[in-house]
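One file, structure09.txt, is given below (compact mmCIF, N, CA and C atoms).
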```
# COMPACT_ATOMS: atom_id res chain seq x y z
N MET A 202 -4.38 22.51 18.41
CA MET A 202 -5.79 22.20 18.42
C MET A 202 -5.97 20.72 18.81
N ILE A 203 -7.05 20.41 19.46
CA ILE A 203 -7.37 19.05 19.89
C ILE A 203 -8.48 18.49 19.00
N TYR A 204 -8.31 17.22 18.59
CA TYR A 204 -9.29 16.57 17.73
C TYR A 204 -9.80 15.29 18.38
N THR A 205 -11.02 14.93 18.07
CA THR A 205 -11.59 13.68 18.54
C THR A 205 -11.20 12.56 17.58
N VAL A 206 -11.47 11.33 17.97
CA VAL A 206 -11.22 10.18 17.11
C VAL A 206 -11.98 10.36 15.79
N GLY A 207 -13.22 10.77 15.86
CA GLY A 207 -14.02 10.95 14.66
C GLY A 207 -13.46 12.00 13.72
N GLU A 208 -13.01 13.10 14.27
CA GLU A 208 -12.45 14.17 13.45
C GLU A 208 -11.16 13.72 12.76
N ILE A 209 -10.30 13.04 13.50
CA ILE A 209 -9.04 12.55 12.93
C ILE A 209 -9.32 11.47 11.89
N ALA A 210 -10.27 10.61 12.20
CA ALA A 210 -10.63 9.54 11.26
C ALA A 210 -11.07 10.14 9.93
N LYS A 211 -11.86 11.20 10.01
CA LYS A 211 -12.34 11.85 8.79
C LYS A 211 -11.17 12.44 8.00
N GLN A 212 -10.23 13.06 8.69
CA GLN A 212 -9.06 13.65 8.03
C GLN A 212 -8.21 12.59 7.35
N LEU A 213 -8.11 11.42 7.96
CA LEU A 213 -7.29 10.33 7.41
C LEU A 213 -8.07 9.45 6.44
N ASN A 214 -9.36 9.66 6.40
CA ASN A 214 -10.25 8.84 5.57
C ASN A 214 -10.21 7.37 5.99
N VAL A 215 -10.28 7.16 7.30
CA VAL A 215 -10.37 5.81 7.87
C VAL A 215 -11.53 5.79 8.85
N ALA A 216 -11.94 4.60 9.21
CA ALA A 216 -13.02 4.47 10.20
C ALA A 216 -12.48 4.81 11.59
N ALA A 217 -13.32 5.41 12.41
CA ALA A 217 -12.93 5.71 13.79
C ALA A 217 -12.56 4.42 14.52
N SER A 218 -13.23 3.33 14.17
CA SER A 218 -12.92 2.04 14.81
C SER A 218 -11.50 1.59 14.47
N THR A 219 -11.00 1.98 13.31
CA THR A 219 -9.61 1.65 12.93
C THR A 219 -8.65 2.32 13.90
N LEU A 220 -8.89 3.59 14.21
CA LEU A 220 -8.02 4.30 15.15
C LEU A 220 -8.13 3.72 16.55
N ARG A 221 -9.31 3.34 16.94
CA ARG A 221 -9.48 2.71 18.25
C ARG A 221 -8.72 1.39 18.30
N TYR A 222 -8.78 0.64 17.21
CA TYR A 222 -8.05 -0.63 17.13
C TYR A 222 -6.54 -0.38 17.21
N TYR A 223 -6.05 0.61 16.46
CA TYR A 223 -4.63 0.95 16.53
C TYR A 223 -4.21 1.29 17.96
N ASP A 224 -5.05 2.03 18.64
CA ASP A 224 -4.75 2.40 20.02
C ASP A 224 -4.72 1.15 20.91
N LYS A 225 -5.71 0.27 20.73
CA LYS A 225 -5.78 -0.97 21.51
C LYS A 225 -4.53 -1.83 21.28
N GLU A 226 -4.00 -1.81 20.05
CA GLU A 226 -2.82 -2.60 19.70
C GLU A 226 -1.51 -1.92 20.09
N GLY A 227 -1.60 -0.74 20.67
CA GLY A 227 -0.40 -0.06 21.14
C GLY A 227 0.32 0.77 20.10
N LEU A 228 -0.34 1.09 19.01
CA LEU A 228 0.31 1.87 17.95
C LEU A 228 0.28 3.37 18.19
N LEU A 229 -0.50 3.80 19.18
CA LEU A 229 -0.67 5.23 19.41
C LEU A 229 -0.22 5.67 20.80
N PRO A 230 1.00 5.35 21.18
CA PRO A 230 1.44 5.71 22.54
C PRO A 230 1.54 7.21 22.75
N PHE A 231 1.54 7.97 21.67
CA PHE A 231 1.67 9.42 21.74
C PHE A 231 0.35 10.12 22.01
N VAL A 232 -0.77 9.41 21.89
CA VAL A 232 -2.08 10.04 22.04
C VAL A 232 -2.39 10.24 23.52
N GLU A 233 -2.74 11.45 23.85
CA GLU A 233 -3.12 11.77 25.23
C GLU A 233 -4.60 11.49 25.42
N ARG A 234 -4.98 11.38 26.69
CA ARG A 234 -6.38 11.15 27.03
C ARG A 234 -6.85 12.23 27.99
N SER A 235 -8.11 12.52 27.88
CA SER A 235 -8.72 13.49 28.80
C SER A 235 -8.94 12.79 30.15
N GLY A 236 -9.36 13.55 31.12
CA GLY A 236 -9.66 12.99 32.44
C GLY A 236 -10.72 11.90 32.38
N SER A 237 -11.60 11.99 31.40
CA SER A 237 -12.66 10.99 31.26
C SER A 237 -12.24 9.83 30.35
N GLY A 238 -10.99 9.86 29.89
CA GLY A 238 -10.48 8.76 29.06
C GLY A 238 -10.66 8.93 27.57
N MET A 239 -11.16 10.10 27.15
CA MET A 239 -11.36 10.35 25.72
C MET A 239 -10.01 10.63 25.04
N ARG A 240 -9.78 10.01 23.89
CA ARG A 240 -8.55 10.24 23.15
C ARG A 240 -8.53 11.67 22.63
N MET A 241 -7.39 12.32 22.80
CA MET A 241 -7.23 13.70 22.35
C MET A 241 -6.05 13.76 21.38
N PHE A 242 -6.37 13.94 20.11
CA PHE A 242 -5.34 14.01 19.08
C PHE A 242 -4.95 15.46 18.85
N LYS A 243 -3.65 15.67 18.62
CA LYS A 243 -3.13 17.01 18.34
C LYS A 243 -2.65 17.07 16.90
N ASP A 244 -2.42 18.27 16.41
CA ASP A 244 -1.94 18.44 15.03
C ASP A 244 -0.66 17.63 14.79
N GLU A 245 0.24 17.64 15.74
CA GLU A 245 1.52 16.93 15.56
C GLU A 245 1.35 15.41 15.53
N ASP A 246 0.21 14.90 15.95
CA ASP A 246 -0.05 13.45 15.87
C ASP A 246 -0.32 12.99 14.44
N MET A 247 -0.69 13.91 13.58
CA MET A 247 -1.04 13.53 12.21
C MET A 247 0.13 12.88 11.48
N SER A 248 1.33 13.36 11.70
CA SER A 248 2.50 12.77 11.04
C SER A 248 2.65 11.30 11.43
N TRP A 249 2.48 11.01 12.72
CA TRP A 249 2.55 9.63 13.20
C TRP A 249 1.45 8.79 12.58
N LEU A 250 0.25 9.33 12.57
CA LEU A 250 -0.90 8.59 12.04
C LEU A 250 -0.75 8.33 10.54
N ARG A 251 -0.22 9.29 9.82
CA ARG A 251 0.00 9.09 8.38
C ARG A 251 1.07 8.02 8.14
N THR A 252 2.08 7.99 8.99
CA THR A 252 3.12 6.96 8.88
C THR A 252 2.52 5.59 9.13
N ILE A 253 1.70 5.47 10.16
CA ILE A 253 1.05 4.19 10.47
C ILE A 253 0.17 3.76 9.30
N GLU A 254 -0.62 4.68 8.76
CA GLU A 254 -1.49 4.35 7.64
C GLU A 254 -0.68 3.94 6.42
N CYS A 255 0.43 4.63 6.17
CA CYS A 255 1.29 4.28 5.05
C CYS A 255 1.83 2.87 5.21
N LEU A 256 2.36 2.56 6.38
CA LEU A 256 2.92 1.23 6.62
C LEU A 256 1.84 0.16 6.50
N LYS A 257 0.65 0.44 7.01
CA LYS A 257 -0.45 -0.51 6.90
C LYS A 257 -0.82 -0.75 5.44
N LYS A 258 -0.92 0.31 4.67
CA LYS A 258 -1.29 0.19 3.25
C LYS A 258 -0.23 -0.55 2.44
N THR A 259 1.01 -0.53 2.90
CA THR A 259 2.06 -1.26 2.19
C THR A 259 2.09 -2.73 2.59
N GLY A 260 1.19 -3.11 3.48
CA GLY A 260 1.10 -4.52 3.85
C GLY A 260 1.87 -4.92 5.09
N MET A 261 2.42 -3.96 5.80
CA MET A 261 3.16 -4.29 7.01
C MET A 261 2.18 -4.77 8.08
N PRO A 262 2.47 -5.91 8.71
CA PRO A 262 1.60 -6.40 9.77
C PRO A 262 1.56 -5.44 10.98
N ILE A 263 0.45 -5.45 11.68
CA ILE A 263 0.27 -4.59 12.85
C ILE A 263 1.40 -4.79 13.87
N LYS A 264 1.79 -6.03 14.10
CA LYS A 264 2.84 -6.28 15.10
C LYS A 264 4.16 -5.62 14.70
N ASP A 265 4.44 -5.57 13.39
CA ASP A 265 5.66 -4.92 12.91
C ASP A 265 5.55 -3.40 12.98
N ILE A 266 4.34 -2.89 12.73
CA ILE A 266 4.13 -1.45 12.89
C ILE A 266 4.32 -1.07 14.35
N LYS A 267 3.81 -1.90 15.23
CA LYS A 267 3.97 -1.64 16.67
C LYS A 267 5.45 -1.62 17.04
N HIS A 268 6.20 -2.58 16.52
CA HIS A 268 7.65 -2.61 16.80
C HIS A 268 8.30 -1.32 16.31
N PHE A 269 7.93 -0.88 15.11
CA PHE A 269 8.48 0.37 14.58
C PHE A 269 8.11 1.54 15.49
N MET A 270 6.85 1.62 15.89
CA MET A 270 6.42 2.72 16.76
C MET A 270 7.15 2.67 18.10
N ASP A 271 7.34 1.45 18.64
CA ASP A 271 8.09 1.32 19.89
C ASP A 271 9.51 1.85 19.73
N CYS A 272 10.13 1.56 18.58
CA CYS A 272 11.48 2.06 18.32
C CYS A 272 11.48 3.58 18.24
N CYS A 273 10.43 4.15 17.68
CA CYS A 273 10.33 5.60 17.59
C CYS A 273 10.21 6.22 18.99
N VAL A 274 9.41 5.59 19.83
CA VAL A 274 9.22 6.10 21.19
C VAL A 274 10.53 6.06 21.98
N VAL A 275 11.34 5.02 21.77
CA VAL A 275 12.62 4.90 22.46
C VAL A 275 13.51 6.09 22.13
N GLY A 276 13.47 6.50 20.86
CA GLY A 276 14.23 7.69 20.48
C GLY A 276 15.42 7.42 19.60
N ASP A 277 16.38 8.34 19.66
CA ASP A 277 17.52 8.34 18.74
C ASP A 277 18.40 7.10 18.82
N SER A 278 18.39 6.41 19.92
CA SER A 278 19.23 5.20 20.03
C SER A 278 18.74 4.10 19.08
N MET A 279 17.54 4.27 18.53
CA MET A 279 16.96 3.26 17.63
C MET A 279 16.90 3.74 16.18
N ILE A 280 17.63 4.79 15.85
CA ILE A 280 17.57 5.33 14.50
C ILE A 280 17.96 4.27 13.47
N ASP A 281 19.03 3.52 13.74
CA ASP A 281 19.48 2.51 12.77
C ASP A 281 18.39 1.47 12.52
N GLU A 282 17.78 0.99 13.58
CA GLU A 282 16.73 -0.03 13.42
C GLU A 282 15.51 0.56 12.71
N ARG A 283 15.14 1.77 13.06
CA ARG A 283 14.00 2.41 12.39
C ARG A 283 14.28 2.57 10.90
N SER A 284 15.49 3.00 10.58
CA SER A 284 15.89 3.15 9.18
C SER A 284 15.85 1.81 8.45
N ASP A 285 16.36 0.76 9.09
CA ASP A 285 16.34 -0.57 8.49
C ASP A 285 14.91 -1.05 8.22
N ILE A 286 14.02 -0.81 9.16
CA ILE A 286 12.62 -1.22 9.01
C ILE A 286 11.99 -0.51 7.80
N ILE A 287 12.20 0.79 7.73
CA ILE A 287 11.61 1.58 6.63
C ILE A 287 12.22 1.18 5.29
N GLN A 288 13.53 0.98 5.25
CA GLN A 288 14.17 0.58 3.99
C GLN A 288 13.70 -0.80 3.55
N SER A 289 13.54 -1.71 4.50
CA SER A 289 13.06 -3.05 4.17
C SER A 289 11.64 -2.99 3.61
N GLN A 290 10.78 -2.17 4.22
CA GLN A 290 9.41 -2.04 3.73
C GLN A 290 9.39 -1.38 2.37
N ARG A 291 10.27 -0.41 2.17
CA ARG A 291 10.38 0.25 0.86
C ARG A 291 10.78 -0.77 -0.20
N ASP A 292 11.75 -1.62 0.12
CA ASP A 292 12.17 -2.66 -0.83
C ASP A 292 11.03 -3.61 -1.15
N ALA A 293 10.24 -3.95 -0.14
CA ALA A 293 9.09 -4.83 -0.35
C ALA A 293 8.06 -4.17 -1.27
N VAL A 294 7.85 -2.87 -1.10
CA VAL A 294 6.91 -2.14 -1.94
C VAL A 294 7.41 -2.08 -3.39
N ILE A 295 8.70 -1.87 -3.56
CA ILE A 295 9.27 -1.85 -4.91
C ILE A 295 9.05 -3.20 -5.59
N GLU A 296 9.24 -4.29 -4.85
CA GLU A 296 9.00 -5.63 -5.40
C GLU A 296 7.52 -5.82 -5.75
N GLN A 297 6.64 -5.36 -4.87
CA GLN A 297 5.20 -5.43 -5.15
C GLN A 297 4.84 -4.64 -6.41
N MET A 298 5.47 -3.49 -6.56
CA MET A 298 5.20 -2.66 -7.73
C MET A 298 5.65 -3.35 -9.01
N LYS A 299 6.78 -4.04 -8.96
CA LYS A 299 7.25 -4.80 -10.13
C LYS A 299 6.25 -5.89 -10.48
N GLU A 300 5.78 -6.60 -9.47
CA GLU A 300 4.78 -7.66 -9.70
C GLU A 300 3.49 -7.08 -10.25
N MET A 301 3.06 -5.96 -9.70
CA MET A 301 1.84 -5.32 -10.19
C MET A 301 2.01 -4.85 -11.64
N GLN A 302 3.20 -4.34 -11.97
CA GLN A 302 3.45 -3.90 -13.34
C GLN A 302 3.38 -5.09 -14.29
N GLU A 303 3.91 -6.23 -13.88
CA GLU A 303 3.83 -7.43 -14.71
C GLU A 303 2.37 -7.84 -14.93
N MET A 304 1.57 -7.75 -13.88
CA MET A 304 0.16 -8.08 -14.03
C MET A 304 -0.55 -7.08 -14.94
N LEU A 305 -0.22 -5.80 -14.79
CA LEU A 305 -0.81 -4.78 -15.65
C LEU A 305 -0.41 -5.01 -17.10
N ASP A 306 0.85 -5.37 -17.34
CA ASP A 306 1.30 -5.66 -18.70
C ASP A 306 0.47 -6.80 -19.30
N MET A 307 0.24 -7.84 -18.52
CA MET A 307 -0.55 -8.98 -19.00
C MET A 307 -1.99 -8.56 -19.29
N LEU A 308 -2.57 -7.76 -18.41
CA LEU A 308 -3.94 -7.29 -18.64
C LEU A 308 -4.02 -6.39 -19.87
N ASN A 309 -3.01 -5.55 -20.08
CA ASN A 309 -2.98 -4.72 -21.27
C ASN A 309 -2.90 -5.59 -22.53
N TYR A 310 -2.08 -6.64 -22.46
CA TYR A 310 -1.99 -7.57 -23.59
C TYR A 310 -3.36 -8.20 -23.85
N LYS A 311 -4.02 -8.66 -22.79
CA LYS A 311 -5.32 -9.31 -22.95
C LYS A 311 -6.36 -8.32 -23.51
N CYS A 312 -6.29 -7.07 -23.11
CA CYS A 312 -7.19 -6.06 -23.69
C CYS A 312 -6.95 -5.96 -25.19
N TRP A 313 -5.68 -5.86 -25.58
CA TRP A 313 -5.35 -5.82 -27.01
C TRP A 313 -5.84 -7.09 -27.71
N TYR A 314 -5.58 -8.23 -27.09
CA TYR A 314 -5.95 -9.53 -27.66
C TYR A 314 -7.45 -9.58 -27.97
N TYR A 315 -8.25 -9.21 -26.97
CA TYR A 315 -9.70 -9.30 -27.16
C TYR A 315 -10.25 -8.20 -28.06
N GLU A 316 -9.66 -7.03 -28.05
CA GLU A 316 -10.09 -5.98 -28.99
C GLU A 316 -9.83 -6.44 -30.42
N THR A 317 -8.67 -7.04 -30.65
CA THR A 317 -8.33 -7.55 -31.97
C THR A 317 -9.27 -8.69 -32.36
N ALA A 318 -9.56 -9.55 -31.43
CA ALA A 318 -10.48 -10.68 -31.69
C ALA A 318 -11.89 -10.16 -31.99
N LYS A 319 -12.34 -9.14 -31.25
CA LYS A 319 -13.68 -8.58 -31.51
C LYS A 319 -13.76 -8.00 -32.92
N GLU A 320 -12.72 -7.29 -33.31
CA GLU A 320 -12.69 -6.70 -34.66
C GLU A 320 -12.77 -7.78 -35.73
N ALA A 321 -12.08 -8.90 -35.49
CA ALA A 321 -12.06 -9.99 -36.46
C ALA A 321 -13.27 -10.91 -36.32
N GLY A 322 -13.94 -10.84 -35.18
CA GLY A 322 -15.08 -11.71 -34.93
C GLY A 322 -14.69 -13.09 -34.43
N THR A 323 -13.40 -13.28 -34.12
CA THR A 323 -12.93 -14.58 -33.64
C THR A 323 -11.57 -14.46 -32.96
N CYS A 324 -11.37 -15.27 -31.94
CA CYS A 324 -10.06 -15.31 -31.26
C CYS A 324 -9.01 -16.03 -32.12
N SER A 325 -9.49 -16.82 -33.09
CA SER A 325 -8.54 -17.56 -33.92
C SER A 325 -7.70 -16.64 -34.81
N ILE A 326 -8.05 -15.37 -34.86
CA ILE A 326 -7.25 -14.39 -35.61
C ILE A 326 -5.79 -14.42 -35.14
N HIS A 327 -5.59 -14.77 -33.88
CA HIS A 327 -4.25 -14.77 -33.30
C HIS A 327 -3.46 -16.02 -33.64
N ASP A 328 -4.15 -17.08 -34.06
CA ASP A 328 -3.46 -18.35 -34.32
C ASP A 328 -2.38 -18.23 -35.39
N ASP A 329 -2.68 -17.51 -36.44
CA ASP A 329 -1.74 -17.40 -37.55
C ASP A 329 -1.21 -15.97 -37.73
N MET A 330 -1.42 -15.14 -36.72
CA MET A 330 -0.99 -13.74 -36.84
C MET A 330 0.53 -13.65 -36.89
N ASP A 331 1.01 -12.90 -37.84
CA ASP A 331 2.45 -12.66 -37.96
C ASP A 331 2.91 -11.88 -36.72
N ILE A 332 4.02 -12.27 -36.16
CA ILE A 332 4.54 -11.64 -34.94
C ILE A 332 4.74 -10.14 -35.13
N ASP A 333 5.00 -9.72 -36.36
CA ASP A 333 5.19 -8.29 -36.64
C ASP A 333 3.90 -7.49 -36.48
N LYS A 334 2.77 -8.18 -36.47
CA LYS A 334 1.47 -7.51 -36.30
C LYS A 334 1.14 -7.31 -34.81
N VAL A 335 1.90 -7.99 -33.97
CA VAL A 335 1.68 -7.89 -32.51
C VAL A 335 2.51 -6.72 -32.00
N PRO A 336 1.92 -5.80 -31.24
CA PRO A 336 2.70 -4.70 -30.68
C PRO A 336 3.92 -5.23 -29.91
N VAL A 337 5.04 -4.56 -30.05
CA VAL A 337 6.31 -5.00 -29.47
C VAL A 337 6.17 -5.34 -27.99
N GLU A 338 5.46 -4.51 -27.23
CA GLU A 338 5.36 -4.71 -25.79
C GLU A 338 4.57 -5.96 -25.41
N TYR A 339 3.84 -6.56 -26.38
CA TYR A 339 3.03 -7.74 -26.08
C TYR A 339 3.65 -9.03 -26.62
N ARG A 340 4.71 -8.93 -27.36
CA ARG A 340 5.32 -10.11 -27.97
C ARG A 340 5.82 -11.12 -26.94
N LYS A 341 6.17 -10.66 -25.78
CA LYS A 341 6.66 -11.59 -24.75
C LYS A 341 5.56 -12.56 -24.28
N PHE A 342 4.31 -12.23 -24.57
CA PHE A 342 3.21 -13.09 -24.17
C PHE A 342 2.82 -14.10 -25.24
N ILE A 343 3.44 -14.02 -26.39
CA ILE A 343 3.10 -14.88 -27.51
C ILE A 343 3.95 -16.15 -27.45
N ASN A 344 3.29 -17.30 -27.62
CA ASN A 344 3.99 -18.59 -27.62
C ASN A 344 4.17 -19.07 -29.05
N LYS A 345 4.91 -18.34 -29.84
CA LYS A 345 5.17 -18.72 -31.23
C LYS A 345 6.44 -19.54 -31.29
N LYS A 346 6.42 -20.55 -32.14
CA LYS A 346 7.59 -21.41 -32.28
C LYS A 346 8.45 -20.93 -33.41
```
Using structure tokens, write down the structure that the file contains.
Amino acid sequence: MIYTVGEIAKQLNVAASTLRYYDKEGLLPFVERSGSGMRMFKDEDMSWLRTIECLKKTGMPIKDIKHFMDCCVVGDSMIDERSDIIQSQRDAVIEQMKEMQEMLDMLNYKCWYYETAKEAGTCSIHDDMDIDKVPVEYRKFINKK
């Protein structure tokens, strides 16, 4: 089946202008055009588009996505490089997830902190709080001497 930019954009939940931009940047060498120049997407293009969207959402710059797509177009002789690119991006995402988890831990601590303060009517409740009263997962945020 053939899809228009608008139809594919809706399926991917992105703006049609995003797909046009990707095409302009050379990320869509697989997309065919009609005689009048209209982009014609096929079902098998969805896998490529989902990969591009995934890489974009992980923070990979457009120029690096283009390099990856170029390696894909070259074919099997670039399998090692393609694998290295994906593994490197995966490692970067794992590091981002660790950082995000640390931020979430801090926010969870602050939620507990302020809920406890609201119950007591003052933040000073924490000044003399026994460390045993602090949930174990939040103790790392306490500056007790």
Practice prompt. Could you give me, as a list in words, the residues within 6.5 Å of stretch 282-295 of chain A, counting all atoms listed in the file and dropping anything in the same chain fewer than 6 positions from it?
Written response: Thr259, Phe269 and Cys272 of chain A
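If you measure from each of A:Val274, A:Ile203, A:Met279, A:Cys324 to A:Phe231 using all atoms listed in the file, the closest one turns out to be A:Val274.
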Item to complete: Measure the distance from atom CA of A:Ala321 to atom CA of A:Asp306 in Å and round it to one decimal.
Response: 22.6 Å
Practice prompt. Might you pull out every residue within 12 Å of A:Met202, with only C-alpha atoms counted and same-chain residues fewer than 3 positions away left off, and present them as a ChimeraX atom specification?
Written response: /A:205,208-209,241-247
Worksheet entry | All strand (DSSP E) positions in stretch 215-266 of chain A, as a PyMOL selection string | chain A and resi 233-234+240-243
Discussion item. Can you pull out the residues contacting A:Tyr310? Cut-off 8 Å, using all atoms listed in the file, and skip same-chain residues under 4 positions away; I want them as a PyMOL selection string.
Written reply: chain A and resi 304-306+314-316+338-340+342
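Reported to one decimal place, the separation of atom CA of A:Met261 from atom CA of A:Met239 is 27.8 Å.
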Worksheet item: Hey, can you check how far atom C of A:Thr252 sits from atom N of A:Met270?
Response: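 Separation of atom C of A:Thr252 and atom N of A:Met270: 9.0 Å.
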Worksheet item: What residues in chain A get the DSSP label alpha helix (DSSP H)? Please answer as JSON, numbers by chain.
Response: {"A": [206, 207, 208, 209, 210, 211, 212, 213, 217, 218, 219, 220, 221, 222, 223, 224, 225, 246, 247, 248, 249, 250, 251, 252, 253, 254, 255, 256, 257, 258, 263, 264, 265, 266, 267, 268, 269, 270, 271, 272, 273, 274, 275, 280, 281, 282, 283, 284, 285, 286, 287, 288, 289, 290, 291, 292, 293, 294, 295, 296, 297, 298, 299, 300, 301, 302, 303, 304, 305, 306, 307, 308, 309, 310, 311, 312, 313, 314, 315, 316, 317, 318, 319, 320, 321]}
Item to complete: Within 12 Å of A:Ile332, counting only C-alpha atoms, which residues show up once you throw out same-chain ones fewer than 3 positions away? Write them as a VMD selection string, please.
Response: chain A and resid 327 to 329 335 to 346
